[in-house]
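Source file: query-v2.cif (mmCIF, C-alpha atoms)
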```cif
data_query
#
loop_
_atom_site.label_atom_id
_atom_site.label_comp_id
_atom_site.auth_asym_id
_atom_site.auth_seq_id
_atom_site.Cartn_x
_atom_site.Cartn_y
_atom_site.Cartn_z
CA MET A 589 -99.60 -81.18 50.02
CA PRO A 590 -102.20 -82.72 47.70
CA GLN A 591 -99.72 -85.39 46.59
CA ILE A 592 -99.98 -86.89 50.08
CA ALA A 593 -103.36 -85.58 51.17
CA GLN A 594 -105.18 -87.00 48.13
CA ILE A 595 -103.17 -90.19 47.78
CA ALA A 596 -105.87 -92.52 49.07
CA GLU A 597 -108.54 -91.38 46.62
CA THR A 598 -106.29 -90.73 43.60
CA TYR A 599 -103.53 -93.36 43.57
CA SER A 600 -105.58 -95.90 41.57
CA SER A 601 -106.61 -93.36 38.97
CA GLN A 602 -103.05 -92.03 38.69
CA ILE A 603 -101.56 -95.50 38.24
CA PHE A 604 -104.28 -96.60 35.83
CA TRP A 605 -104.00 -93.59 33.54
CA LEU A 606 -100.22 -93.51 33.70
CA LEU A 607 -99.97 -97.18 32.75
CA LEU A 608 -102.55 -96.68 30.00
CA THR A 609 -100.95 -93.57 28.48
CA PHE A 610 -97.36 -94.70 28.92
CA GLY A 611 -98.29 -98.14 27.64
CA LEU A 612 -99.76 -96.56 24.51
CA VAL A 613 -96.69 -94.35 24.14
CA PHE A 614 -94.39 -97.36 24.52
CA PHE A 615 -96.24 -99.76 22.25
CA VAL A 616 -97.47 -97.34 19.58
CA ILE A 617 -94.66 -94.78 19.50
CA GLY A 618 -91.71 -96.58 21.11
CA LEU A 619 -92.11 -99.96 19.43
CA GLY A 620 -94.13 -98.93 16.37
CA MET A 621 -92.64 -95.67 15.18
CA VAL A 622 -89.23 -95.10 16.77
CA PRO A 623 -87.52 -98.12 15.12
CA LYS A 624 -88.65 -96.82 11.73
CA VAL A 625 -87.33 -93.33 12.48
CA GLN A 626 -84.08 -94.77 13.81
CA GLY A 627 -83.93 -97.15 10.85
CA THR A 628 -84.14 -94.22 8.46
CA ALA A 629 -81.33 -92.46 10.32
CA ASP A 630 -79.24 -95.65 10.42
CA ALA A 631 -79.84 -96.26 6.70
CA ARG A 632 -78.75 -92.71 5.99
CA ASP A 633 -75.62 -93.13 8.12
CA ALA A 634 -74.86 -96.40 6.33
CA LYS A 635 -75.39 -94.73 2.95
CA ILE A 636 -73.14 -91.82 3.89
CA SER A 637 -70.36 -94.08 5.14
CA GLY A 638 -70.81 -96.33 2.08
CA ASP A 639 -70.58 -93.33 -0.24
CA LEU A 640 -67.52 -92.11 1.63
CA ASP A 641 -65.91 -95.54 1.28
CA ALA A 642 -66.72 -95.58 -2.44
CA ALA A 643 -65.25 -92.10 -2.80
CA LYS A 644 -62.13 -93.22 -0.92
CA ALA A 645 -61.82 -96.29 -3.17
CA ALA A 646 -62.26 -94.10 -6.25
CA PHE A 647 -59.63 -91.76 -4.90
CA ALA A 648 -57.23 -94.68 -4.38
CA ARG A 649 -57.98 -95.88 -7.92
CA ALA A 650 -57.26 -92.41 -9.27
CA ASP A 651 -53.96 -92.37 -7.38
CA GLU A 652 -53.15 -95.78 -8.80
CA ALA A 653 -54.01 -94.64 -12.32
CA GLU A 654 -51.86 -91.58 -11.87
CA ALA A 655 -48.91 -93.64 -10.63
CA ASP A 656 -49.44 -96.03 -13.53
CA TYR A 657 -49.54 -93.09 -15.94
CA ARG A 658 -46.37 -91.70 -14.40
CA THR A 659 -44.45 -94.96 -14.75
CA ARG A 660 -45.67 -95.39 -18.33
CA ASP A 661 -44.77 -91.79 -19.06
CA ALA A 662 -41.28 -92.30 -17.65
CA ALA A 663 -40.88 -95.55 -19.59
CA SER A 664 -41.96 -93.99 -22.86
CA ARG A 665 -39.68 -91.03 -22.18
CA THR A 666 -36.65 -93.31 -21.73
CA ALA A 667 -37.69 -95.31 -24.82
CA ALA A 668 -37.96 -92.10 -26.82
CA GLN A 669 -34.59 -90.97 -25.55
CA ALA A 670 -33.04 -94.32 -26.50
CA THR A 671 -34.58 -94.11 -29.97
CA LEU A 672 -33.33 -90.57 -30.31
CA ALA A 673 -29.80 -91.53 -29.23
CA LYS A 674 -29.81 -94.50 -31.60
CA ALA A 675 -31.00 -92.36 -34.49
CA LYS A 676 -28.37 -89.76 -33.64
CA SER A 677 -25.56 -92.31 -33.54
CA GLU A 678 -26.79 -93.93 -36.76
CA ALA A 679 -26.96 -90.60 -38.50
CA ALA A 680 -23.50 -89.75 -37.21
CA LYS A 681 -22.15 -93.07 -38.47
CA ALA A 682 -23.81 -92.65 -41.86
CA SER A 683 -22.48 -89.14 -42.25
CA GLU A 684 -19.03 -90.33 -41.14
CA ILE A 685 -19.10 -93.00 -43.85
CA ARG A 686 -20.27 -90.54 -46.46
CA LEU A 687 -17.66 -88.07 -45.30
CA ALA A 688 -14.95 -90.73 -45.52
CA ALA A 689 -16.13 -91.68 -49.00
CA ALA A 690 -16.18 -88.05 -50.04
CA ASP A 691 -12.74 -87.57 -48.50
CA ALA A 692 -11.41 -90.53 -50.43
CA GLU A 693 -12.92 -89.25 -53.66
CA VAL A 694 -11.52 -85.80 -53.05
CA ALA A 695 -8.13 -87.32 -52.22
CA THR A 696 -8.09 -89.33 -55.48
CA LYS A 697 -9.16 -86.26 -57.41
CA ILE A 698 -6.44 -84.23 -55.72
CA ALA A 699 -3.89 -86.96 -56.40
CA ALA A 700 -4.95 -87.10 -60.06
CA ALA A 701 -4.83 -83.36 -60.29
CA GLU A 702 -1.43 -83.29 -58.65
CA ALA A 703 -0.21 -86.00 -61.04
CA ARG A 704 -1.51 -83.99 -63.97
CA ILE A 705 0.13 -80.86 -62.67
CA LYS A 706 3.38 -82.74 -62.14
CA GLY A 707 3.15 -84.21 -65.67
CA ALA A 708 2.39 -80.82 -67.12
CA SER A 709 5.22 -79.15 -65.24
CA GLU A 710 7.61 -81.92 -66.28
CA ALA A 711 6.51 -81.56 -69.88
CA ALA A 712 6.90 -77.84 -69.55
CA MET A 713 10.38 -78.32 -68.05
CA ALA A 714 11.30 -80.59 -70.96
CA GLU A 715 9.99 -78.02 -73.36
CA ILE A 716 11.97 -75.35 -71.63
CA GLU A 717 15.12 -77.52 -71.89
CA THR A 718 14.63 -78.06 -75.57
CA VAL A 719 13.85 -74.41 -76.19
CA ALA A 720 16.83 -73.37 -74.02
CA ALA A 721 19.15 -75.86 -75.78
CA ASP A 722 18.01 -74.56 -79.15
CA ALA A 723 18.50 -71.03 -77.93
CA ALA A 724 21.94 -71.92 -76.57
CA ARG A 725 23.02 -73.52 -79.86
CA ASP A 726 21.74 -70.55 -81.72
CA MET A 727 23.60 -68.19 -79.47
CA VAL A 728 26.79 -70.27 -79.76
CA ALA A 729 26.44 -70.34 -83.54
CA ARG A 730 25.91 -66.62 -83.79
CA ILE A 731 28.71 -65.67 -81.43
CA SER A 732 31.35 -68.21 -82.37
CA GLY A 733 30.08 -69.64 -85.63
CA VAL A 734 30.72 -73.09 -84.25
CA GLU A 735 28.01 -75.46 -84.66
CA ALA A 736 27.48 -76.90 -81.12
CA SER A 737 26.25 -80.41 -80.95
CA ASP A 738 22.78 -80.99 -79.71
CA ASP A 739 23.95 -83.08 -76.72
CA ALA A 740 26.47 -80.51 -75.59
CA ALA A 741 23.86 -77.76 -75.60
CA ARG A 742 21.43 -79.89 -73.78
CA ASN A 743 23.96 -80.82 -71.07
CA ALA A 744 24.93 -77.20 -70.64
CA VAL A 745 21.32 -76.16 -70.26
CA LYS A 746 20.70 -78.94 -67.73
CA ALA A 747 23.70 -77.85 -65.73
CA ALA A 748 22.56 -74.24 -65.82
CA LEU A 749 19.03 -75.15 -64.89
CA ALA A 750 20.24 -77.37 -62.06
CA HIS A 751 22.34 -74.48 -60.69
CA GLY A 752 19.45 -72.26 -61.45
CA MET B 75 -100.57 -72.02 53.85
CA ALA B 76 -103.96 -71.11 52.45
CA GLU B 77 -104.59 -68.97 55.54
CA SER B 78 -101.64 -66.65 54.81
CA GLY B 79 -103.31 -65.23 51.70
CA LYS B 80 -105.71 -65.94 48.91
CA ILE B 81 -103.05 -67.83 46.97
CA ASP B 82 -102.31 -71.42 47.92
CA PRO B 83 -99.06 -72.52 46.22
CA MET B 84 -100.01 -76.18 46.71
CA HIS B 85 -103.39 -75.92 45.01
CA GLN B 86 -101.76 -76.43 41.60
CA PHE B 87 -101.00 -80.02 42.59
CA ALA B 88 -104.60 -80.85 43.49
CA ILE B 89 -106.11 -83.65 41.43
CA GLU B 90 -109.68 -83.06 40.31
CA PRO B 91 -111.87 -85.45 38.36
CA LEU B 92 -112.99 -83.91 35.08
CA PHE B 93 -116.18 -84.20 33.02
CA GLY B 94 -118.06 -85.90 35.87
CA THR B 95 -116.01 -89.06 35.66
CA ASP B 96 -115.32 -89.26 39.39
CA HIS B 97 -117.37 -92.44 39.74
CA TRP B 98 -115.54 -94.41 37.06
CA SER B 99 -114.08 -97.50 38.60
CA LEU B 100 -112.38 -100.70 37.57
CA GLY B 101 -112.47 -103.73 39.84
CA GLY B 102 -113.41 -101.53 42.75
CA PHE B 103 -110.63 -99.04 42.13
CA ASN B 104 -111.43 -95.48 41.23
CA ILE B 105 -110.14 -94.56 37.78
CA ALA B 106 -111.66 -91.11 37.37
CA PHE B 107 -110.37 -89.14 34.39
CA THR B 108 -108.61 -86.36 36.28
CA ASN B 109 -106.69 -83.26 35.25
CA SER B 110 -103.58 -85.37 35.84
CA ALA B 111 -104.85 -88.05 33.41
CA LEU B 112 -105.70 -85.29 30.93
CA TYR B 113 -102.08 -84.10 30.93
CA MET B 114 -100.84 -87.68 30.56
CA VAL B 115 -103.04 -88.02 27.48
CA LEU B 116 -101.87 -84.63 26.23
CA ALA B 117 -98.21 -85.62 26.64
CA ALA B 118 -98.87 -88.87 24.77
CA VAL B 119 -100.75 -87.07 21.97
CA VAL B 120 -98.13 -84.32 21.59
CA LEU B 121 -95.41 -86.97 21.51
CA TRP B 122 -97.39 -88.94 18.90
CA ILE B 123 -97.78 -85.84 16.71
CA PHE B 124 -94.08 -85.04 17.15
CA VAL B 125 -92.95 -88.51 16.11
CA ILE B 126 -95.39 -88.64 13.16
CA GLY B 127 -93.36 -85.75 11.71
CA GLY B 128 -90.33 -88.03 11.77
CA MET B 129 -92.06 -90.80 9.80
CA LYS B 130 -91.52 -89.26 6.35
CA ARG B 131 -88.42 -91.44 6.07
CA GLU B 132 -86.72 -89.21 3.53
CA LEU B 133 -83.06 -89.63 2.71
CA VAL B 134 -82.55 -85.89 3.06
CA PRO B 135 -84.64 -84.98 6.12
CA GLY B 136 -86.67 -81.83 6.59
CA ARG B 137 -86.54 -79.83 9.82
CA TRP B 138 -89.20 -81.82 11.65
CA GLN B 139 -87.86 -85.21 10.62
CA MET B 140 -84.39 -83.97 11.58
CA ALA B 141 -85.66 -83.00 15.04
CA VAL B 142 -87.27 -86.41 15.65
CA GLU B 143 -84.18 -88.22 14.39
CA TYR B 144 -82.04 -86.01 16.59
CA MET B 145 -84.02 -87.14 19.65
CA THR B 146 -83.89 -90.84 18.75
CA GLY B 147 -80.21 -90.48 17.91
CA PHE B 148 -79.64 -88.75 21.25
CA ILE B 149 -81.23 -91.67 23.12
CA LYS B 150 -79.34 -94.17 20.94
CA ASN B 151 -76.02 -92.49 21.74
CA LEU B 152 -76.91 -92.35 25.43
CA LEU B 153 -77.63 -96.09 25.49
CA ILE B 154 -74.58 -97.03 23.42
CA ALA B 155 -72.32 -94.87 25.60
CA ASN B 156 -73.63 -96.51 28.78
CA ILE B 157 -74.42 -100.08 27.75
CA GLY B 158 -72.57 -100.60 24.48
CA ASP B 159 -74.05 -101.99 21.30
CA LYS B 160 -76.41 -104.23 23.28
CA GLY B 161 -78.14 -101.02 24.45
CA ARG B 162 -79.84 -100.56 21.07
CA LYS B 163 -82.75 -102.80 22.04
CA TYR B 164 -83.72 -100.40 24.85
CA ILE B 165 -84.15 -97.44 22.48
CA PRO B 166 -87.97 -97.79 22.31
CA TYR B 167 -88.35 -97.89 26.10
CA VAL B 168 -85.86 -95.17 27.03
CA PHE B 169 -87.07 -92.93 24.19
CA SER B 170 -90.69 -93.30 25.36
CA LEU B 171 -89.65 -92.66 28.94
CA PHE B 172 -87.50 -89.61 28.18
CA MET B 173 -89.94 -87.95 25.80
CA PHE B 174 -92.99 -88.69 27.96
CA ILE B 175 -91.35 -87.16 31.05
CA LEU B 176 -89.89 -84.26 29.06
CA LEU B 177 -93.27 -83.37 27.52
CA ALA B 178 -95.02 -83.79 30.89
CA ASN B 179 -92.52 -81.37 32.48
CA LEU B 180 -92.74 -78.84 29.66
CA LEU B 181 -96.54 -78.99 29.22
CA GLY B 182 -96.88 -78.34 32.95
CA LEU B 183 -94.82 -75.17 32.56
CA LEU B 184 -97.00 -73.68 29.80
CA PRO B 185 -98.39 -70.30 30.91
CA LEU B 186 -101.97 -71.44 30.34
CA GLY B 187 -103.05 -69.54 33.47
CA LEU B 188 -103.06 -66.43 31.26
CA VAL B 189 -106.12 -67.79 29.40
CA GLY B 190 -107.80 -69.12 32.54
CA LEU B 191 -106.78 -72.77 32.27
CA HIS B 192 -104.90 -74.67 34.95
CA PRO B 193 -101.77 -76.41 33.70
CA PHE B 194 -100.89 -79.55 35.60
CA THR B 195 -97.59 -81.35 35.93
CA PHE B 196 -98.22 -85.03 36.64
CA THR B 197 -94.48 -85.59 37.17
CA SER B 198 -94.89 -83.59 40.38
CA HIS B 199 -96.85 -86.56 41.79
CA PHE B 200 -94.90 -89.46 43.23
CA THR B 201 -97.75 -91.78 42.35
CA ALA B 202 -96.85 -91.11 38.71
CA THR B 203 -93.05 -90.87 38.99
CA GLY B 204 -93.08 -93.91 41.29
CA VAL B 205 -94.80 -96.02 38.64
CA LEU B 206 -92.21 -94.96 36.06
CA ALA B 207 -89.35 -95.65 38.48
CA ILE B 208 -90.73 -99.07 39.43
CA MET B 209 -91.15 -99.85 35.74
CA SER B 210 -87.49 -99.04 35.02
CA PHE B 211 -86.35 -100.93 38.10
CA SER B 212 -88.45 -103.96 37.18
CA ILE B 213 -86.90 -104.05 33.73
CA VAL B 214 -83.45 -103.93 35.34
CA LEU B 215 -84.36 -106.84 37.64
CA ILE B 216 -85.98 -108.90 34.86
CA VAL B 217 -83.09 -108.36 32.43
CA GLY B 218 -80.50 -108.97 35.16
CA PHE B 219 -81.97 -112.24 36.41
CA TYR B 220 -82.89 -113.41 32.91
CA LYS B 221 -79.39 -112.87 31.55
CA HIS B 222 -77.27 -113.81 34.57
CA GLY B 223 -79.53 -115.84 36.88
CA PHE B 224 -78.30 -115.87 40.47
CA HIS B 225 -74.95 -114.65 39.20
CA PHE B 226 -76.69 -111.25 39.11
CA PHE B 227 -76.01 -111.02 42.86
CA SER B 228 -72.29 -110.68 42.05
CA LEU B 229 -73.26 -107.11 41.18
CA PHE B 230 -73.21 -106.46 44.92
CA VAL B 231 -69.64 -107.69 45.38
CA PRO B 232 -67.21 -105.58 43.34
CA HIS B 233 -64.09 -107.24 41.93
CA GLY B 234 -61.11 -107.39 44.25
CA THR B 235 -63.11 -107.20 47.48
CA PRO B 236 -61.18 -108.73 50.42
CA ILE B 237 -62.90 -111.86 51.78
CA ALA B 238 -63.58 -110.23 55.14
CA MET B 239 -65.41 -107.37 53.44
CA VAL B 240 -67.62 -109.46 51.17
CA VAL B 241 -70.56 -109.79 53.58
CA PRO B 242 -70.74 -106.15 54.80
CA LEU B 243 -70.19 -104.86 51.26
CA PHE B 244 -72.92 -107.13 49.93
CA PHE B 245 -75.44 -105.55 52.28
CA ILE B 246 -74.25 -102.02 51.61
CA GLU B 247 -74.47 -102.58 47.87
CA LEU B 248 -77.83 -104.30 48.24
CA VAL B 249 -79.24 -101.32 50.13
CA SER B 250 -77.88 -98.86 47.60
CA PHE B 251 -79.41 -101.02 44.84
CA MET B 252 -82.80 -101.21 46.54
CA VAL B 253 -82.83 -97.44 47.09
CA ARG B 254 -82.57 -96.85 43.34
CA PRO B 255 -86.30 -96.90 42.48
CA PHE B 256 -87.04 -94.51 45.35
CA SER B 257 -84.27 -92.08 44.43
CA LEU B 258 -85.28 -92.31 40.77
CA GLY B 259 -88.95 -91.55 41.42
CA LEU B 260 -88.49 -89.05 44.24
CA ARG B 261 -85.82 -87.00 42.42
CA LEU B 262 -88.21 -86.14 39.59
CA PHE B 263 -91.17 -85.56 41.89
CA VAL B 264 -89.18 -83.29 44.25
CA ALA B 265 -87.55 -81.26 41.47
CA MET B 266 -90.87 -80.61 39.75
CA THR B 267 -92.78 -79.86 42.97
CA ALA B 268 -90.09 -77.53 44.33
CA GLY B 269 -89.85 -75.52 41.13
CA HIS B 270 -93.61 -75.10 40.77
CA VAL B 271 -94.03 -74.17 44.44
CA LEU B 272 -91.27 -71.59 44.16
CA LEU B 273 -92.91 -70.01 41.10
CA LYS B 274 -96.31 -69.91 42.81
CA VAL B 275 -94.87 -68.45 46.04
CA LEU B 276 -93.14 -65.69 44.07
CA ALA B 277 -96.33 -65.07 42.08
CA GLY B 278 -98.15 -64.80 45.41
CA PHE B 279 -95.61 -62.19 46.55
CA VAL B 280 -96.29 -60.12 43.42
CA ILE B 281 -100.08 -60.21 43.88
CA ASN B 282 -100.18 -59.82 47.68
CA SER B 283 -97.59 -57.00 47.76
CA ALA B 284 -99.40 -55.09 45.01
CA ASN B 285 -102.69 -55.52 46.88
CA ALA B 286 -101.11 -54.29 50.13
CA SER B 287 -99.78 -50.97 48.80
CA PRO B 288 -98.39 -49.46 45.58
CA ALA B 289 -94.99 -48.87 47.24
CA LEU B 290 -94.67 -52.52 48.27
CA GLY B 291 -95.94 -53.62 44.86
CA LEU B 292 -93.27 -51.58 43.07
CA THR B 293 -90.43 -52.79 45.30
CA VAL B 294 -91.16 -56.33 46.48
CA GLY B 295 -93.52 -57.11 43.60
CA THR B 296 -91.12 -55.98 40.87
CA ALA B 297 -88.17 -57.78 42.45
CA SER B 298 -90.22 -60.97 42.79
CA PHE B 299 -91.42 -60.69 39.20
CA ILE B 300 -87.85 -60.32 37.87
CA LEU B 301 -86.84 -63.31 39.98
CA MET B 302 -89.79 -65.27 38.54
CA ILE B 303 -88.58 -64.64 34.98
CA GLY B 304 -85.17 -66.05 35.85
CA ILE B 305 -86.62 -69.00 37.73
CA SER B 306 -89.00 -69.77 34.86
CA ALA B 307 -85.97 -70.10 32.58
CA LEU B 308 -84.31 -72.26 35.21
CA GLU B 309 -87.42 -74.43 35.42
CA MET B 310 -87.30 -75.06 31.68
CA LEU B 311 -83.72 -76.23 32.16
CA VAL B 312 -84.74 -78.39 35.13
CA ALA B 313 -87.58 -79.89 33.08
CA VAL B 314 -85.08 -81.05 30.45
CA ILE B 315 -82.39 -82.06 32.93
CA GLN B 316 -84.73 -84.13 35.10
CA ALA B 317 -86.06 -86.02 32.07
CA TYR B 318 -82.46 -86.57 30.97
CA VAL B 319 -81.40 -87.71 34.45
CA PHE B 320 -84.27 -90.20 34.56
CA ALA B 321 -83.29 -91.64 31.16
CA LEU B 322 -79.58 -91.56 32.01
CA LEU B 323 -79.99 -93.36 35.34
CA THR B 324 -82.29 -95.90 33.72
CA SER B 325 -79.59 -96.63 31.14
CA VAL B 326 -76.88 -96.79 33.83
CA TYR B 327 -78.97 -99.31 35.80
CA LEU B 328 -79.68 -101.26 32.61
CA ASN B 329 -75.92 -101.40 32.06
CA ASP B 330 -75.55 -103.13 35.45
CA ALA B 331 -78.18 -105.65 34.38
CA GLU B 332 -76.63 -106.23 30.95
CA ASN B 333 -72.94 -106.27 31.78
CA LEU B 334 -72.76 -106.66 35.59
CA HIS B 335 -69.52 -104.94 36.62
#
```
Is it possible to express this structure as structure tokens?
Amino acid sequence: MPQIAQIAETYSSQIFWLLLTFGLVFFVIGLGMVPKVQGTADARDAKISGDLDAAKAAFARADEAEADYRTRDAASRTAAQATLAKAKSEAAKASEIRLAAADAEVATKIAAAEARIKGASEAAMAEIETVAADAARDMVARISGVEASDDAARNAVKAALAHG
Amino acid sequence: MAESGKIDPMHQFAIEPLFGTDHWSLGGFNIAFTNSALYMVLAAVVLWIFVIGGMKRELVPGRWQMAVEYMTGFIKNLLIANIGDKGRKYIPYVFSLFMFILLANLLGLLPLGLVGLHPFTFTSHFTATGVLAIMSFSIVLIVGFYKHGFHFFSLFVPHGTPIAMVVPLFFIELVSFMVRPFSLGLRLFVAMTAGHVLLKVLAGFVINSANASPALGLTVGTASFILMIGISALEMLVAVIQAYVFALLTSVYLNDAENLH
């Protein structure tokens, strides 16, 4: 086994070269280069987690904005509905008033018309009485030759009309 | 074993000085640039090239940058899972350790023998794994005593221990603590050595049986070759798992030093 057989003549060379090469590896690569490599990786990890945090914050902000939008939307909806209801009730009131006014006008017109009709029918009735009384006197005069008084004829006509 | 055939399954672990550097020395110690040192340098260079690809520092990473960041992220998660947020400061060390061992294991498995080169796995030498284990253990001791002082010894007495059991448990826990660097270093060395020996022994079966007779070559040789394919895949897995185990145990021990129990 050369590891044991050659130990006396090779141990110093082995130790010397191992310390030299490993020392160079440790000081040049381990201390000089590895921290830079690891620093790059750490910086990248930090950047990724920072970006993720920023994205999360932006996401939360978006949620907030959406909730805000929703509440404002709901508020403006209720406001619009209130305005609509108010406008409806106002319009209803206004039309009620106008309707009432129109009703009143129509009622007065009807009343006037009715009064006119009544007047006209009364006048007509009076006319009929006079005409009937004249006719009755005429008839009495023709049949009996007695001149009936105006009042008598009129009373007779009234009675006849009342019995009608 | 060399006498049983022309193929010595242990020869792959032999350390040979390269480029005539066998007389290099430092303070009286030989520091020849060996094939083992060559693979240490290769592992370091491959790791350097790999990590350079992760230095583009783009916000949206390409494939290569993604791969490097995946590895550093893997070590970061390992440390955070075991130690907590305080584990981040060990990323440079554990990353270097894990990637260096992983590349050493994988480079040693490259089929360079096909082009006449001899791949070498320096993690199959306990002189190398031992240094790495002692390094990890030293960091555990330094961090533990620096952060907790002598209170660090309370690590050896778990909460709720009856008074009568404190002394025996202290010694049991102390022994299990002191065994850690050995188990850490030997585990890697044994796993790598065993796998490479097994592959070489099976390769020896293929060659020796085919040399003996065509019938043996077709039966024993083919069976061994199929087994080698499976074991090669298993060795790739072991290469990754052993590097992971080394890094994982280092982070578990560092957790003891950081947080006690």
As a check of understanding, name the residues that the PyMOL selection byres ((chain A) within 9 of (chain B)) selects in the supplied structure, as a PyMOL selection string.
chain A and resi 589-592+594-595+597-607+609-610+612-629+631-632
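Minimum atom-to-atom distance to Leu272 of chain B, evaluated using all atoms listed in the file, belongs to B:Ile305 out of B:Leu243, B:Leu177, B:Leu290, B:Ile305.
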Measuring between all atoms listed in the file, which one of B:Met266, B:Ile81, B:Leu334, B:Ala321 shows the shortest distance to Val231 of chain B?
B:Leu334
Could you give me, as an MDAnalysis selection string, the residues that have an atom at most 9 Å away from the point (-98.2, -57.7, 39.7) in the coordinates of the file, using all atoms listed in the file?
chainID B and resid 277 279:285 291:292 295:296 299
Atom CA of Thr195 of chain B to atom CA of Phe251 of chain B: how many Å, to one decimal?
28.2 Å
